[in-house]
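The file data_14.cif contains mmCIF, C-alpha atoms:
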data_work
#
loop_
_atom_site.group_PDB
_atom_site.id
_atom_site.type_symbol
_atom_site.label_atom_id
_atom_site.label_comp_id
_atom_site.auth_asym_id
_atom_site.auth_seq_id
_atom_site.Cartn_x
_atom_site.Cartn_y
_atom_site.Cartn_z
ATOM 1 C CA PRO K 1 0.632 -21.116 -42.659
ATOM 2 C CA VAL K 2 0.449 -19.957 -39.088
ATOM 3 C CA GLN K 3 -2.898 -18.313 -38.341
ATOM 4 C CA PRO K 4 -2.764 -15.183 -36.202
ATOM 5 C CA VAL K 5 -4.613 -15.197 -32.906
ATOM 6 C CA MET K 6 -7.583 -12.859 -33.277
ATOM 7 C CA PRO K 7 -9.037 -10.810 -30.427
ATOM 8 C CA GLY K 8 -11.426 -12.923 -28.394
ATOM 9 C CA GLN K 9 -9.834 -16.205 -29.531
ATOM 10 C CA PRO K 10 -7.936 -18.554 -27.184
ATOM 11 C CA ALA K 11 -4.250 -17.661 -26.951
ATOM 12 C CA GLY K 12 -3.231 -21.290 -26.713
ATOM 13 C CA PRO K 13 -4.434 -24.910 -26.414
ATOM 14 C CA GLY K 14 -6.836 -25.505 -23.566
ATOM 15 C CA GLN K 15 -7.305 -21.810 -22.827
ATOM 16 C CA ALA K 16 -10.890 -20.677 -23.224
ATOM 17 C CA PRO K 17 -11.766 -17.168 -24.395
ATOM 18 C CA GLY K 18 -11.710 -14.765 -21.446
ATOM 19 C CA GLN K 19 -10.106 -17.344 -19.167
ATOM 20 C CA GLN K 20 -7.900 -15.664 -16.599
ATOM 21 C CA ILE K 21 -4.364 -16.885 -16.023
ATOM 22 C CA PRO K 22 -3.479 -17.277 -12.322
ATOM 23 C CA PRO K 23 -1.083 -14.446 -11.374
ATOM 24 C CA ALA K 24 1.435 -16.950 -9.986
ATOM 25 C CA ASP K 25 1.763 -18.479 -13.462
ATOM 26 C CA LEU K 26 3.088 -15.175 -14.811
ATOM 27 C CA VAL K 27 6.119 -15.252 -12.507
ATOM 28 C CA ARG K 28 8.987 -17.321 -13.918
ATOM 29 C CA ARG K 29 10.046 -18.432 -10.475
ATOM 30 C CA ASN K 30 9.125 -17.500 -6.951
ATOM 31 C CA GLN K 31 11.728 -14.843 -6.364
ATOM 32 C CA HIS K 32 13.301 -14.139 -3.000
ATOM 33 C CA GLY K 33 14.237 -10.540 -2.300
ATOM 34 C CA ASP K 34 17.647 -11.684 -1.068
ATOM 35 C CA ALA K 35 19.974 -14.035 -2.890
ATOM 36 C CA LEU K 36 20.667 -17.398 -1.194
ATOM 37 C CA ALA K 37 24.055 -16.336 0.214
ATOM 38 C CA ARG K 38 22.531 -13.235 1.746
ATOM 39 C CA ARG K 39 19.648 -15.244 3.231
ATOM 40 C CA VAL K 40 22.199 -17.513 4.910
ATOM 41 C CA GLY K 41 23.941 -14.405 6.222
ATOM 42 C CA ARG K 42 20.634 -13.144 7.597
ATOM 43 C CA GLY K 43 20.295 -16.340 9.595
ATOM 44 C CA VAL K 44 23.749 -15.842 11.090
ATOM 45 C CA LEU K 45 22.961 -12.188 11.889
ATOM 46 C CA LYS K 46 19.778 -13.212 13.702
ATOM 47 C CA ALA K 47 21.745 -15.752 15.727
ATOM 48 C CA VAL K 48 24.121 -13.073 17.014
ATOM 49 C CA GLY K 49 21.378 -10.538 17.694
ATOM 50 C CA GLY K 50 21.350 -8.351 14.562
ATOM 51 C CA GLY K 51 22.261 -4.679 14.388
ATOM 52 C CA ALA K 52 21.647 -2.204 17.201
ATOM 53 C CA ARG K 53 19.787 0.275 14.996
ATOM 54 C CA GLU K 54 17.439 -2.411 13.704
ATOM 55 C CA ALA K 55 16.870 -3.684 17.233
ATOM 56 C CA ARG K 56 15.898 -0.215 18.444
ATOM 57 C CA LEU K 57 13.512 0.274 15.533
ATOM 58 C CA LEU K 58 11.860 -3.103 16.073
ATOM 59 C CA ALA K 59 11.460 -2.449 19.811
ATOM 60 C CA ALA K 60 9.861 0.956 19.173
ATOM 61 C CA PHE K 61 7.670 -0.538 16.456
ATOM 62 C CA ALA K 62 6.481 -3.344 18.762
ATOM 63 C CA GLU K 63 5.598 -0.798 21.458
ATOM 64 C CA LEU K 64 3.695 1.358 18.957
ATOM 65 C CA MET K 65 1.706 -1.604 17.654
ATOM 66 C CA GLN K 66 0.464 -2.296 21.195
ATOM 67 C CA ARG K 67 -1.011 1.176 21.587
ATOM 68 C CA SER K 68 -4.783 1.354 21.410
ATOM 69 C CA VAL K 69 -6.597 3.768 19.110
ATOM 70 C CA ALA K 70 -9.381 6.058 20.278
ATOM 71 C CA SER K 71 -11.057 5.823 16.874
ATOM 72 C CA SER K 72 -10.307 4.165 13.563
ATOM 73 C CA ARG K 73 -7.170 5.536 11.888
ATOM 74 C CA GLN K 74 -7.052 5.993 8.113
ATOM 75 C CA ILE K 75 -3.751 5.963 6.216
ATOM 76 C CA ALA K 76 -3.665 6.942 2.548
ATOM 77 C CA VAL K 77 -0.948 5.721 0.185
ATOM 78 C CA ALA K 78 -0.607 7.986 -2.841
ATOM 79 C CA SER K 79 1.803 8.943 -5.608
ATOM 80 C CA VAL K 80 2.083 11.806 -8.048
ATOM 81 C CA ARG K 81 2.161 9.393 -10.990
ATOM 82 C CA GLY K 82 1.719 5.750 -11.860
ATOM 83 C CA GLY K 83 4.545 3.215 -11.650
ATOM 84 C CA ALA K 84 5.984 4.651 -8.454
ATOM 85 C CA GLY K 85 5.438 1.484 -6.403
ATOM 86 C CA LYS K 86 2.374 2.851 -4.600
ATOM 87 C CA THR K 87 0.286 -0.322 -4.546
ATOM 88 C CA THR K 88 3.276 -2.409 -3.457
ATOM 89 C CA MET K 89 3.845 0.009 -0.577
ATOM 90 C CA ALA K 90 0.139 -0.043 0.343
ATOM 91 C CA ALA K 91 0.215 -3.846 0.465
ATOM 92 C CA LEU K 92 3.404 -3.789 2.543
ATOM 93 C CA VAL K 93 2.077 -1.225 5.042
ATOM 94 C CA ALA K 94 -1.296 -2.921 5.456
ATOM 95 C CA THR K 95 0.201 -6.396 5.850
ATOM 96 C CA GLU K 96 2.725 -5.294 8.471
ATOM 97 C CA LEU K 97 -0.054 -3.603 10.443
ATOM 98 C CA ALA K 98 -2.248 -6.698 10.256
ATOM 99 C CA ARG K 99 0.584 -8.970 11.365
ATOM 100 C CA HIS K 100 1.548 -6.879 14.379
ATOM 101 C CA ARG K 101 -1.738 -5.502 15.682
ATOM 102 C CA THR K 102 -4.259 -7.569 17.609
ATOM 103 C CA ASP K 103 -7.267 -5.590 16.345
ATOM 104 C CA ARG K 104 -8.707 -5.532 12.830
ATOM 105 C CA VAL K 105 -6.878 -3.873 9.929
ATOM 106 C CA LEU K 106 -8.479 -3.146 6.556
ATOM 107 C CA ALA K 107 -6.907 -2.490 3.151
ATOM 108 C CA ALA K 108 -9.184 -0.617 0.743
ATOM 109 C CA ASP K 109 -8.609 -0.138 -2.978
ATOM 110 C CA ALA K 110 -9.566 3.363 -4.126
ATOM 111 C CA ASP K 111 -8.415 2.939 -7.733
ATOM 112 C CA ALA K 112 -11.506 3.653 -9.820
ATOM 113 C CA GLU K 113 -10.201 1.834 -12.888
ATOM 114 C CA LEU K 114 -8.423 -1.483 -12.325
ATOM 115 C CA GLY K 115 -6.947 -1.413 -8.855
ATOM 116 C CA SER K 116 -4.310 -4.108 -8.366
ATOM 117 C CA LEU K 117 -4.257 -4.114 -4.569
ATOM 118 C CA PRO K 118 -6.196 -7.423 -4.302
ATOM 119 C CA LEU K 119 -3.686 -8.997 -6.718
ATOM 120 C CA ARG K 120 -0.759 -7.802 -4.626
ATOM 121 C CA LEU K 121 -2.439 -9.214 -1.530
ATOM 122 C CA GLY K 122 -3.239 -12.553 -3.193
ATOM 123 C CA VAL K 123 -7.032 -12.339 -2.898
ATOM 124 C CA ARG K 124 -9.962 -12.082 -5.288
ATOM 125 C CA SER K 125 -13.480 -11.062 -4.378
ATOM 126 C CA GLN K 126 -16.692 -11.430 -6.359
ATOM 127 C CA LEU K 127 -18.068 -8.452 -4.435
ATOM 128 C CA SER K 128 -16.735 -4.913 -4.484
ATOM 129 C CA LEU K 129 -17.147 -1.619 -2.696
ATOM 130 C CA PHE K 130 -20.092 -0.941 -5.047
ATOM 131 C CA ASP K 131 -21.962 -3.813 -3.422
ATOM 132 C CA LEU K 132 -21.076 -2.681 0.095
ATOM 133 C CA ALA K 133 -22.062 0.935 -0.639
ATOM 134 C CA GLY K 134 -25.631 -0.202 -1.294
ATOM 135 C CA GLN K 135 -25.929 -1.939 2.059
ATOM 136 C CA LYS K 136 -26.137 -0.859 5.701
ATOM 137 C CA PRO K 137 -24.450 -3.628 7.690
ATOM 138 C CA GLN K 138 -25.331 -3.618 11.378
ATOM 139 C CA SER K 139 -22.289 -5.620 12.490
ATOM 140 C CA PHE K 140 -18.805 -6.496 11.333
ATOM 141 C CA GLU K 141 -20.012 -9.998 10.486
ATOM 142 C CA GLU K 142 -22.513 -8.501 8.017
ATOM 143 C CA ALA K 143 -19.866 -6.174 6.542
ATOM 144 C CA ALA K 144 -17.341 -9.024 6.247
ATOM 145 C CA ARG K 145 -19.496 -10.675 3.548
ATOM 146 C CA PHE K 146 -18.203 -7.978 1.184
ATOM 147 C CA LEU K 147 -14.555 -8.424 2.165
ATOM 148 C CA THR K 148 -11.826 -11.007 1.645
ATOM 149 C CA ARG K 149 -9.048 -11.909 4.070
ATOM 150 C CA THR K 150 -5.374 -12.677 3.558
ATOM 151 C CA PRO K 151 -3.435 -15.409 5.411
ATOM 152 C CA ASP K 152 -1.892 -12.601 7.513
ATOM 153 C CA GLY K 153 -5.338 -11.662 8.810
ATOM 154 C CA LEU K 154 -5.699 -8.485 6.728
ATOM 155 C CA TRP K 155 -9.238 -7.651 5.565
ATOM 156 C CA VAL K 156 -9.505 -6.363 1.979
ATOM 157 C CA LEU K 157 -12.161 -4.185 0.325
ATOM 158 C CA SER K 158 -11.847 -4.441 -3.450
ATOM 159 C CA SER K 159 -12.820 -1.975 -6.164
ATOM 160 C CA THR K 160 -13.102 -4.819 -8.688
ATOM 161 C CA ARG K 161 -15.309 -7.893 -9.007
ATOM 162 C CA GLY K 162 -13.445 -11.105 -9.705
ATOM 163 C CA GLY K 163 -10.393 -9.117 -10.807
ATOM 164 C CA ARG K 164 -12.401 -7.239 -13.459
ATOM 165 C CA ILE K 165 -13.298 -3.554 -13.614
ATOM 166 C CA ALA K 166 -16.546 -2.934 -11.746
ATOM 167 C CA GLY K 167 -16.961 0.659 -12.901
ATOM 168 C CA GLU K 168 -15.957 4.191 -12.053
ATOM 169 C CA PHE K 169 -17.012 5.448 -8.644
ATOM 170 C CA THR K 170 -17.309 8.822 -6.989
ATOM 171 C CA LEU K 171 -15.816 9.974 -3.720
ATOM 172 C CA GLU K 172 -19.277 9.706 -2.185
ATOM 173 C CA THR K 173 -19.598 6.050 -3.226
ATOM 174 C CA PHE K 174 -16.166 5.206 -1.839
ATOM 175 C CA GLU K 175 -16.775 6.999 1.460
ATOM 176 C CA THR K 176 -20.195 5.354 1.845
ATOM 177 C CA ALA K 177 -18.682 1.895 1.388
ATOM 178 C CA LEU K 178 -15.723 2.626 3.652
ATOM 179 C CA SER K 179 -17.828 4.080 6.459
ATOM 180 C CA ALA K 180 -19.933 0.908 6.494
ATOM 181 C CA VAL K 181 -16.925 -1.122 7.637
ATOM 182 C CA SER K 182 -14.289 1.289 8.997
ATOM 183 C CA ARG K 183 -16.150 1.693 12.288
ATOM 184 C CA TYR K 184 -15.333 -1.951 13.036
ATOM 185 C CA VAL K 185 -11.571 -1.737 12.382
ATOM 186 C CA ALA K 186 -8.671 -0.017 14.124
ATOM 187 C CA ALA K 187 -6.806 1.022 10.986
ATOM 188 C CA THR K 188 -7.570 1.336 7.287
ATOM 189 C CA VAL K 189 -4.902 1.595 4.591
ATOM 190 C CA VAL K 190 -6.283 3.141 1.396
ATOM 191 C CA ASP K 191 -4.488 2.568 -1.898
ATOM 192 C CA CYS K 192 -5.297 5.664 -3.980
ATOM 193 C CA GLY K 193 -5.266 5.776 -7.752
ATOM 194 C CA ALA K 194 -2.357 7.515 -9.472
ATOM 195 C CA GLY K 195 -2.100 11.258 -8.938
ATOM 196 C CA ILE K 196 -3.137 13.581 -6.128
ATOM 197 C CA LEU K 197 -5.543 15.919 -7.944
ATOM 198 C CA THR K 198 -8.508 13.679 -8.783
ATOM 199 C CA GLU K 199 -11.668 14.169 -6.733
ATOM 200 C CA VAL K 200 -11.413 10.736 -5.122
ATOM 201 C CA ASN K 201 -7.731 11.024 -4.232
ATOM 202 C CA ARG K 202 -8.051 14.551 -2.869
ATOM 203 C CA GLY K 203 -10.986 13.468 -0.722
ATOM 204 C CA VAL K 204 -9.186 10.365 0.580
ATOM 205 C CA ILE K 205 -6.043 12.336 1.457
ATOM 206 C CA ALA K 206 -8.056 15.080 3.176
ATOM 207 C CA GLY K 207 -9.905 12.467 5.230
ATOM 208 C CA SER K 208 -6.817 10.494 6.269
ATOM 209 C CA HIS K 209 -4.861 10.686 9.510
ATOM 210 C CA GLY K 210 -1.638 9.675 7.777
ATOM 211 C CA LEU K 211 -0.225 9.821 4.247
ATOM 212 C CA VAL K 212 2.528 7.774 2.630
ATOM 213 C CA LEU K 213 3.647 9.675 -0.456
ATOM 214 C CA VAL K 214 5.413 7.167 -2.708
ATOM 215 C CA THR K 215 7.938 8.291 -5.288
ATOM 216 C CA PRO K 216 10.491 6.455 -7.455
ATOM 217 C CA GLY K 217 14.010 6.505 -6.054
ATOM 218 C CA THR K 218 15.270 8.756 -8.836
ATOM 219 C CA VAL K 219 16.031 12.452 -9.256
ATOM 220 C CA ASP K 220 12.828 13.136 -11.186
ATOM 221 C CA GLY K 221 10.925 11.073 -8.625
ATOM 222 C CA ALA K 222 12.231 13.297 -5.841
ATOM 223 C CA LEU K 223 11.346 16.391 -7.862
ATOM 224 C CA SER K 224 7.789 15.137 -8.400
ATOM 225 C CA ALA K 225 7.428 14.539 -4.650
ATOM 226 C CA ARG K 226 8.678 18.061 -3.977
ATOM 227 C CA GLY K 227 6.120 19.337 -6.482
ATOM 228 C CA ALA K 228 3.352 17.572 -4.570
ATOM 229 C CA LEU K 229 4.483 19.108 -1.287
ATOM 230 C CA GLU K 230 4.561 22.545 -2.890
ATOM 231 C CA TRP K 231 1.032 22.012 -4.194
ATOM 232 C CA PHE K 232 -0.263 21.137 -0.725
ATOM 233 C CA VAL K 233 1.304 24.285 0.723
ATOM 234 C CA SER K 234 0.113 26.603 -2.044
ATOM 235 C CA ASN K 235 -3.432 25.263 -1.715
ATOM 236 C CA ASP K 236 -3.733 25.847 2.040
ATOM 237 C CA GLN K 237 -3.198 22.208 2.938
ATOM 238 C CA GLN K 238 -0.074 22.589 5.039
ATOM 239 C CA ASP K 239 -1.666 20.329 7.655
ATOM 240 C CA VAL K 240 -1.228 17.387 5.263
ATOM 241 C CA LEU K 241 2.548 17.716 5.586
ATOM 242 C CA ARG K 242 2.433 17.112 9.342
ATOM 243 C CA ARG K 243 1.043 13.638 8.789
ATOM 244 C CA THR K 244 3.069 12.712 5.689
ATOM 245 C CA VAL K 245 5.913 10.227 5.239
ATOM 246 C CA ILE K 246 7.791 9.942 1.944
ATOM 247 C CA ALA K 247 8.794 6.516 0.658
ATOM 248 C CA MET K 248 11.443 6.591 -2.089
ATOM 249 C CA VAL K 249 11.232 3.225 -3.858
ATOM 250 C CA SER K 250 14.109 1.960 -6.013
ATOM 251 C CA HIS K 251 12.999 -0.075 -9.024
ATOM 252 C CA ALA K 252 16.422 -1.223 -10.198
ATOM 253 C CA PRO K 253 19.413 -2.843 -8.437
ATOM 254 C CA GLN K 254 21.781 0.007 -9.293
ATOM 255 C CA VAL K 255 20.749 3.626 -9.752
ATOM 256 C CA GLY K 256 23.220 6.255 -10.900
ATOM 257 C CA ALA K 257 21.227 9.122 -9.406
ATOM 258 C CA ASP K 258 22.484 11.116 -6.453
ATOM 259 C CA LEU K 259 19.850 9.783 -4.067
ATOM 260 C CA GLN K 260 21.602 11.239 -1.048
ATOM 261 C CA ARG K 261 21.112 14.721 -2.455
ATOM 262 C CA ALA K 262 17.518 13.916 -3.385
ATOM 263 C CA HIS K 263 16.971 12.640 0.152
ATOM 264 C CA GLN K 264 18.342 15.879 1.605
ATOM 265 C CA MET K 265 16.109 17.948 -0.677
ATOM 266 C CA LEU K 266 13.004 16.225 0.662
ATOM 267 C CA THR K 267 14.023 16.042 4.325
ATOM 268 C CA ALA K 268 14.500 19.831 4.187
ATOM 269 C CA TRP K 269 10.700 19.980 4.329
ATOM 270 C CA GLY K 270 10.860 18.485 7.816
ATOM 271 C CA LEU K 271 9.322 15.175 6.728
ATOM 272 C CA PRO K 272 10.684 11.679 7.290
ATOM 273 C CA VAL K 273 12.020 10.167 4.063
ATOM 274 C CA VAL K 274 12.498 6.405 3.934
ATOM 275 C CA ALA K 275 14.518 4.815 1.126
ATOM 276 C CA VAL K 276 13.063 1.445 0.117
ATOM 277 C CA PRO K 277 15.790 -0.530 -1.713
ATOM 278 C CA TYR K 278 15.276 -2.640 -4.808
ATOM 279 C CA ASP K 279 13.803 -6.038 -3.975
ATOM 280 C CA ARG K 280 13.546 -8.891 -6.482
ATOM 281 C CA HIS K 281 10.412 -10.354 -4.920
ATOM 282 C CA LEU K 282 8.542 -7.039 -4.813
ATOM 283 C CA ALA K 283 9.639 -6.271 -8.379
ATOM 284 C CA THR K 284 7.742 -9.279 -9.798
ATOM 285 C CA GLY K 285 4.416 -7.518 -9.191
ATOM 286 C CA SER K 286 2.894 -10.755 -7.883
ATOM 287 C CA SER K 287 1.304 -11.563 -4.535
ATOM 288 C CA LEU K 288 3.206 -10.221 -1.566
ATOM 289 C CA ASP K 289 4.931 -12.784 0.635
ATOM 290 C CA LEU K 290 6.723 -11.092 3.521
ATOM 291 C CA GLY K 291 8.852 -14.190 4.014
ATOM 292 C CA ARG K 292 10.422 -13.562 0.608
ATOM 293 C CA VAL K 293 11.031 -9.836 1.018
ATOM 294 C CA SER K 294 14.679 -8.885 1.539
ATOM 295 C CA ALA K 295 15.805 -7.898 5.025
ATOM 296 C CA ALA K 296 16.597 -4.344 3.918
ATOM 297 C CA ALA K 297 13.247 -3.798 2.178
ATOM 298 C CA ARG K 298 11.381 -5.341 5.100
ATOM 299 C CA MET K 299 13.079 -2.999 7.590
ATOM 300 C CA ALA K 300 12.347 -0.021 5.343
ATOM 301 C CA GLY K 301 8.689 -1.045 5.203
ATOM 302 C CA ILE K 302 8.521 -1.323 8.988
ATOM 303 C CA GLN K 303 10.078 2.129 9.289
ATOM 304 C CA VAL K 304 7.419 3.575 6.961
ATOM 305 C CA VAL K 305 4.648 1.957 9.029
ATOM 306 C CA HIS K 306 6.178 3.188 12.264
ATOM 307 C CA GLU K 307 6.491 6.781 11.033
ATOM 308 C CA VAL K 308 3.039 7.090 9.467
ATOM 309 C CA PHE K 309 1.110 5.243 12.177
ATOM 310 C CA ALA K 310 2.728 7.342 14.913
ATOM 311 C CA ARG K 311 1.664 10.469 13.044
ATOM 312 C CA SER K 312 -1.853 9.153 12.524
ATOM 313 C CA LEU K 313 -2.405 8.720 16.250
ATOM 314 C CA GLY K 314 -2.010 12.431 16.897
ATOM 315 C CA ALA K 315 -3.566 13.798 13.713
ATOM 316 C CA GLY K 316 -6.922 15.397 13.237
ATOM 317 C CA VAL K 317 -8.802 15.349 9.942
ATOM 318 C CA ALA K 318 -10.271 18.281 8.052
ATOM 319 C CA ARG K 319 -13.690 17.300 6.799
#

Please express what this file holds, its structure, as structure tokens.
Amino acid sequence: PVQPVMPGQPAGPGQAPGQQIPPADLVRRNQHGDALARRVGRGVLKAVGGGAREARLLAAFAELMQRSVASSRQIAVASVRGGAGKTTMAALVATELARHRTDRVLAADADAELGSLPLRLGVRSQLSLFDLAGQKPQSFEEAARFLTRTPDGLWVLSSTRGGRIAGEFTLETFETALSAVSRYVAATVVDCGAGILTEVNRGVIAGSHGLVLVTPGTVDGALSARGALEWFVSNDQQDVLRRTVIAMVSHAPQVGADLQRAHQMLTAWGLPVVAVPYDRHLATGSSLDLGRVSAAARMAGIQVVHEVFARSLGAGVAR
């Protein structure tokens, strides 16, 4: 008879108890965001110069990325609930910044449970923000011992050790760790845990110069984003809205919702709303590879970065 696999036992031949499976092995195939025919079409479009709107956006984005910062800018990426695509958006924003800026960019994971930002960025660190919080580095080189770096040049501060939960942390612990390294970087993208009402998330948002509020590209997703905006206003945090960009992320190829109406409902608040279309590569949940992201999703990501970084340059922070 077939014996059931008991907890703690190997799941298969050659797999030791507790052995971690490489994330890449969980993806059936390395998905491109665009199908082959569309990727060929993209090559033709590039050859003839692309669209005028995209060209204007890229030119403005390139100019913005060349602007210097007077002090380190912090951008929070948050969502009202889990499963909105928040960590994917944080990885996308941070990677685009790192690729296009000549100074240092940091991505920090503020998920106190099992933050997946390092996974999405394809890195794993044996040290976490807990380790950095207990130190007082006197240079970036000393602080860098607690960080990992992606092939795109993005520095990453993890909340986990070796991909495993390191423990719950307080806002004070997170801020202590972040302040030890943020002084050496031009921009920090913080991936918050799910929700906006926890102590850590509220503190991160209050201390950020820009906020990307991520919501599913559905009717209830738009309603939850509106609820968050209403909460900020009713709790005397109207200033948060001036530095906020909403990213509506589609998680399926076809959605029957009236997204145009949802878009209008959110833009009525005077905030930029960027629709991020479904992308097969992003949907795998594996390590981000910008070369495999669809053209439409990539342009939407660049638009999000452009909007939130521009707002961060002129924003103050209420401490």

Next on the checklist: Selection in question (the file shown): the PyMOL selection byres ((chain K and resi 94) around 10). Which residues does it include, as a PyMOL selection string?
Outcome noted: chain K and resi 75+89-93+95-99+105-108+121+152+154-156+187-191+305

Item to check | Interatomic distance (Å, one decimal) between atom CA of His263 of chain K and atom CA of Gly291 of chain K | outcome: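 Computing the Euclidean distance for atom CA of His263 of chain K and atom CA of Gly291 of chain K yields 28.3 Å.
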
Checklist entry - atom CA of Ala112 of chain K and atom CA of Pro216 of chain K are how many Å apart? => result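 These two atoms are separated by 22.3 Å.
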
Next on the checklist: Please report the interatomic distance between atom CA of Phe140 of chain K and atom CA of Val185 of chain K in Å with one decimal.
Outcome noted: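 Calculated distance between atom CA of Phe140 of chain K and atom CA of Val185 of chain K is 8.7 Å.
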
Item to check | Residues returned when the PyMOL selection byres ((chain K and resi 313) around 12) runs on this file, as a list of chain:residue names | outcome: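 For this structure, the PyMOL selection byres ((chain K and resi 313) around 12) captures K:Leu64, K:Met65, K:Arg67, K:Ser68, K:Val69, K:Ala70, K:Ser71, K:Ser72, K:Arg73, K:Gln74, K:Ile75, K:Ala186, K:Ala187, K:Ser208, K:His209, K:Gly210, K:Arg242, K:Arg243, K:His306, K:Glu307, K:Val308, K:Phe309, K:Ala310, K:Arg311, K:Ser312, K:Gly314, K:Ala315, K:Gly316, K:Val317.
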
Can you turn the PyMOL selection byres ((chain K and resi 245) around 7) into a concrete residue list for this file, as a compact mmCIF listing (two decimals) with C-alpha atoms, keeping the file's coordinate frame?
# COMPACT_ATOMS: atom_id res chain seq x y z
CA LEU K 211 -0.22 9.82 4.25
CA VAL K 212 2.53 7.77 2.63
CA LEU K 213 3.65 9.68 -0.46
CA ARG K 243 1.04 13.64 8.79
CA THR K 244 3.07 12.71 5.69
CA ILE K 246 7.79 9.94 1.94
CA ALA K 247 8.79 6.52 0.66
CA LEU K 271 9.32 15.18 6.73
CA PRO K 272 10.68 11.68 7.29
CA VAL K 273 12.02 10.17 4.06
CA GLU K 307 6.49 6.78 11.03
CA VAL K 308 3.04 7.09 9.47

Checklist entry - Pick the closest to Ser158 of chain K from K:Gly270, K:Gly122, K:Pro253, K:Gly217: which is it, counting all atoms listed in the file? => result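 Residue with the minimum atom-to-atom distance to Ser158 of chain K: K:Gly122.
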
Next on the checklist: I want to know what sits within 8 Å of Arg124 of chain K, based on all atoms listed in the file, with residues of the same chain fewer than 2 positions away left out; could you give that as a list in words?
Outcome noted: Pro118, Leu119, Gly122, Gln126, Thr148, Arg161, Gly162 and Gly163 of chain K

Next on the checklist: Report as number ranges by chain all protein, DNA and RNA residues lying within 10 Å of Gln66 of chain K, evaluated on all atoms listed in the file, omitting residues in the same chain fewer than 5 positions from it.
Outcome noted: K: 61, 100-103

Residues as selected, C-alpha atoms, written as a PDB file, in the coordinates of the input, can you do that?
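Once written, result27.pdb looks like this:
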ATOM      1  CA  PHE K  61       7.670  -0.538  16.456  1.00  0.00           C
ATOM      2  CA  HIS K 100       1.548  -6.879  14.379  1.00  0.00           C
ATOM      3  CA  ARG K 101      -1.738  -5.502  15.682  1.00  0.00           C
ATOM      4  CA  THR K 102      -4.259  -7.569  17.609  1.00  0.00           C
ATOM      5  CA  ASP K 103      -7.267  -5.590  16.345  1.00  0.00           C
TER       6      ASP K 103
END

Next on the checklist: I'd like the neighbourhood of Ser179 of chain K as a VMD selection string, where a residue qualifies if any of its atoms comes within 10 Å (using all atoms listed in the file), though same-chain residues fewer than 6 positions away should be ignored.
Outcome noted: chain K and resid 132 to 133 136

Next on the checklist: Give me the residues near Arg145 of chain K as number ranges by chain, where near means some atom within 12 Å (using only C-alpha atoms) and where sequence neighbours in that chain fewer than 3 positions away do not count.
Outcome noted: K: 125-129, 131-132, 135, 137, 139-142, 148-149, 155-157, 180-181

How about saving the chosen residues, C-alpha atoms kept, as a short mmCIF file (atom, residue, chain, number, x, y, z; two decimals), in the coordinates of the input?
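out05.cif written:
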data_model
loop_
_atom_site.label_atom_id
_atom_site.label_comp_id
_atom_site.auth_asym_id
_atom_site.auth_seq_id
_atom_site.Cartn_x
_atom_site.Cartn_y
_atom_site.Cartn_z
CA SER K 125 -13.48 -11.06 -4.38
CA GLN K 126 -16.69 -11.43 -6.36
CA LEU K 127 -18.07 -8.45 -4.43
CA SER K 128 -16.74 -4.91 -4.48
CA LEU K 129 -17.15 -1.62 -2.70
CA ASP K 131 -21.96 -3.81 -3.42
CA LEU K 132 -21.08 -2.68 0.10
CA GLN K 135 -25.93 -1.94 2.06
CA PRO K 137 -24.45 -3.63 7.69
CA SER K 139 -22.29 -5.62 12.49
CA PHE K 140 -18.80 -6.50 11.33
CA GLU K 141 -20.01 -10.00 10.49
CA GLU K 142 -22.51 -8.50 8.02
CA THR K 148 -11.83 -11.01 1.64
CA ARG K 149 -9.05 -11.91 4.07
CA TRP K 155 -9.24 -7.65 5.56
CA VAL K 156 -9.51 -6.36 1.98
CA LEU K 157 -12.16 -4.18 0.32
CA ALA K 180 -19.93 0.91 6.49
CA VAL K 181 -16.92 -1.12 7.64
#

Item to check | Answer as a list in words, residues within 12 Å of (-15.4, 15.5, 3.3) using only C-alpha atoms | outcome: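 Result, sorted by chain then residue number: Leu171, Glu172, Phe174, Glu175, Thr176, Glu199, Val200, Asn201, Arg202, Gly203, Val204, Ile205, Ala206, Gly207, Ser208, Val317, Ala318 and Arg319 of chain K.
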
Checklist entry - Contacts of Ala268 of chain K at 12 Å or less, counting all atoms listed in the file, minus same-chain residues fewer than 6 places along, as a list in words? => result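 Near neighbours after the sequence-gap exclusion: Arg226, Leu229, Arg261 and Ala262 of chain K.
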
Checklist entry - Using all atoms listed in the file, which of K:Ser159, K:Gln138, K:Gln264, K:Ser250 sits nearest Gly221 of chain K? => result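 Closest candidate: K:Ser250.
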
Item to check | Counting only C-alpha atoms, the residue of K:Thr215, K:Ala252, K:Val240, K:Ser234 that sits nearest Val274 of chain K | outcome: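 Among the listed residues, the smallest separation from Val274 of chain K belongs to K:Thr215.
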
Can you sort out the box for segment 289-302 of chain K, edges along x, y and z, all listed atoms in, 6 Å on every side, with centre and edge lengths in Å to one decimal, as lines of an AutoDock Vina configuration file?
center_x = 10.8
center_y = -7.1
center_z = 4.8
size_x = 23.7
size_y = 26.2
size_z = 20.4

Next on the checklist: Given all atoms listed in the file as the basis, pick out the residue of K:Val219, K:Ala84, K:Val123, K:Ala52 nearest to Ser287 of chain K.
Outcome noted: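 Of K:Val219, K:Ala84, K:Val123, K:Ala52, the one nearest Ser287 of chain K, counting all atoms listed in the file, is K:Val123.
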